[in-house]
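**Student:** Dropping a structure here in structure tokens format, bear with me for questions.
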Amino acid sequence: MLPLELLALILVSAATREKEKEEETEEEKEKERRHDLVYRRGDLLEVARTLFTHFGIYLGGGRVAHFIPDVMPVISKDQNKIRRMVTNTRLILGVLARCGSVRVDSVEDFAYGSDILVNPMDKVMMMCNCAALDGEEVALRAEKLQGEVEYSLLWYNCEHYVMYCRYGTSMSFQTFQFCKTVRKLVLSRQAAKVTAMLGTFLLLYLRSLTMLFAMVTVLLPFLVWMAS
């Protein structure tokens with residue numbers, strides 16, 4: 001191949017790559033503009049994720065700040081791996097490891113294929129005389145809290161985070177519902193009967209009776225029964 005033809009080929013290839021990059025950039029900007037037409041800065045977004053509901057705050061430009069459990073920072077220091085979309089496996093392992101972070105992802109990565117609800121709690125919080133803060137204030141709070149945070153499924157999860165950002169109070173309705181369900185299961189008359197049966201079975205199986213064990217066998221079912 002002649003040097004002139006080789007030079008022309010290199011220039012054409014470079015121009016093609018540059019054009020592809022420009023098209024990708026324009027496509028990203030168009031996607032961001034499309035999201036900004038649907039969501040406003042400071043909106044609370046809700047999606048279904050694994051067994052629970054996941055929440056985030058829309059920052060504008062197709063970006064969402066959300067507190068998500070993630071095991072990747074524990075097993076790797078590679079920032080490229082950490083920045084990738086958090087899969088359900090990473091999420092579940094992060095819950096078990098109690099490791100999470102407030103991070104900013106695209107709307108698509110945040111949604112993880114689920115439909116997005118916008119500000120679903122505004123009406124409920126209005127009934128509690130707790131109106132949403134100004135959208136800019138909400139977004140600034142969400143941005144300020146970025147970074148690694150210890151994750152707790154019950155005491156500090158993604159819902160606690162967005163509730164503080166949007167309403168100024170840290171609470172979680174799904175945690176409350178979860179604890180209420182567990183309480184119904186544990187503090188039920190059926191549970192009291194099962195506890196009494198297990199205690200009686202252990203007494204017969206061990207064939208030994210101490211005062212302490214007898215008190216536990218009698219009192220525990222009684223307390224569960226009364227609490228139910």
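Within each chain, counting starts at residue 1; across the structure tokens, chains are named A, B, ... in the order shown, with ligands numbered 1 upward in that order.
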Could you pull the residues within 6 Å of range 52-69 of chain A, counting only C-alpha atoms, minus those fewer than 6 positions along the same chain, as a list in words?
**Tutor:**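 My reading of the contact set: Glu32, His35, Arg41, Gly42, Asp43, Leu44, Leu45, Glu46, Leu91, Gly94, Val95, Cys99, Gly100, Ser101, Val102, Arg103, Val104, Asp105, Ser106, Val107, Ala139, Cys158 and Glu159 of chain A.
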**Student:** Mind the document's chain letters and residue numbers, and return as a ChimeraX atom specification the residues of range 99-135 of chain A that DSSP labels strand (DSSP E).
**Tutor:** /A:99-106,117-118
**Student:** Please dump the current selection as a PDB file, in the first residue's frame; keep N, CA and C atoms.
**Tutor:**
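Result file is result.pdb:
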```pdb
ATOM      1  N   CYS A  99     -22.602  -3.578  54.259  1.00  0.00           N
ATOM      2  CA  CYS A  99     -21.759  -2.611  53.571  1.00  0.00           C
ATOM      3  C   CYS A  99     -22.566  -1.935  52.468  1.00  0.00           C
ATOM      4  N   GLY A 100     -22.541  -0.614  52.421  1.00  0.00           N
ATOM      5  CA  GLY A 100     -23.275   0.102  51.395  1.00  0.00           C
ATOM      6  C   GLY A 100     -22.666   1.452  51.127  1.00  0.00           C
ATOM      7  N   SER A 101     -23.207   2.153  50.144  1.00  0.00           N
ATOM      8  CA  SER A 101     -22.711   3.490  49.831  1.00  0.00           C
ATOM      9  C   SER A 101     -23.804   4.297  49.161  1.00  0.00           C
ATOM     10  N   VAL A 102     -23.740   5.611  49.376  1.00  0.00           N
ATOM     11  CA  VAL A 102     -24.593   6.536  48.633  1.00  0.00           C
ATOM     12  C   VAL A 102     -23.831   6.877  47.365  1.00  0.00           C
ATOM     13  N   ARG A 103     -24.369   6.482  46.223  1.00  0.00           N
ATOM     14  CA  ARG A 103     -23.686   6.655  44.949  1.00  0.00           C
ATOM     15  C   ARG A 103     -24.638   7.267  43.925  1.00  0.00           C
ATOM     16  N   VAL A 104     -24.071   7.763  42.844  1.00  0.00           N
ATOM     17  CA  VAL A 104     -24.864   8.360  41.771  1.00  0.00           C
ATOM     18  C   VAL A 104     -24.753   7.473  40.541  1.00  0.00           C
ATOM     19  N   ASP A 105     -25.891   7.020  40.033  1.00  0.00           N
ATOM     20  CA  ASP A 105     -25.951   6.170  38.845  1.00  0.00           C
ATOM     21  C   ASP A 105     -26.923   6.764  37.835  1.00  0.00           C
ATOM     22  N   SER A 106     -26.896   6.211  36.647  1.00  0.00           N
ATOM     23  CA  SER A 106     -27.872   6.627  35.638  1.00  0.00           C
ATOM     24  C   SER A 106     -29.260   6.115  36.036  1.00  0.00           C
ATOM     25  N   LEU A 117     -41.714   4.710  39.952  1.00  0.00           N
ATOM     26  CA  LEU A 117     -42.776   5.543  40.523  1.00  0.00           C
ATOM     27  C   LEU A 117     -42.142   6.840  41.014  1.00  0.00           C
ATOM     28  N   VAL A 118     -42.870   7.946  40.851  1.00  0.00           N
ATOM     29  CA  VAL A 118     -42.336   9.261  41.220  1.00  0.00           C
ATOM     30  C   VAL A 118     -43.103   9.834  42.414  1.00  0.00           C
TER      31      VAL A 118
END
```
**Student:** I need the residue nearest Glu150 in chain A from this list: A:Ile82, A:Val71, A:Lys77, A:Lys180. Use only C-alpha atoms for the distance.
**Tutor:** A:Val71
**Student:** Would you give me, as a PyMOL selection string, the residues in range 15-100 of chain A that DSSP reads as alpha helix (DSSP H)?
**Tutor:** chain A and resi 15-38+72-75+79-83+88-97
**Student:** Looking at only C-alpha atoms, which of A:Lys31, A:Phe173, A:Thr87, A:Leu37 is the one that sits closest to Gly113 in chain A?
**Tutor:**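 The answer is A:Thr87, which sits nearest to Gly113 in chain A.
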**Student:** Using CA of Gln174 in chain A and CA of Ile75 in chain A as the two end points, give the distance in Å to one decimal.
**Tutor:** 29.1 Å
**Student:** So how far away is CA of Asp115 in chain A from CA of Thr89 in chain A, in Å?
**Tutor:**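 Distance between the two atoms: 20.0 Å.
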**Student:** A:Val74, A:Val86, A:Ala97, A:Met163: which is nearest Ala131 in chain A, counting only C-alpha atoms?
**Tutor:** A:Met163
**Student:** To one decimal place, how far is CA of Arg166 in chain A from CA of Met72 in chain A in Å?
**Tutor:**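 Answer for the CA of Arg166 in chain A to CA of Met72 in chain A separation: 28.0 Å.
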**Student:** Could you tell me which of A:Asp70, A:His160, A:Phe110, A:Met125 comes closest to Arg98 in chain A if we count only C-alpha atoms?
**Tutor:**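 Closest candidate: A:Asp70.
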**Student:** For each of A:Thr169, A:Asn88, A:Ser152, A:Asn157, take the minimum atom-to-atom distance to Tyr112 in chain A, counting only C-alpha atoms, then give the residue where this is smallest.
**Tutor:**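 Looking only at the distances to Tyr112 in chain A, the closest residue turns out to be A:Asn88.
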**Student:** Between A:Leu133, A:Thr181, A:Gly147, A:Val124, which residue has the minimum interatomic distance to Val162 in chain A, considering only C-alpha atoms?
**Tutor:**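 Smallest separation from Val162 in chain A among the options: A:Leu133.
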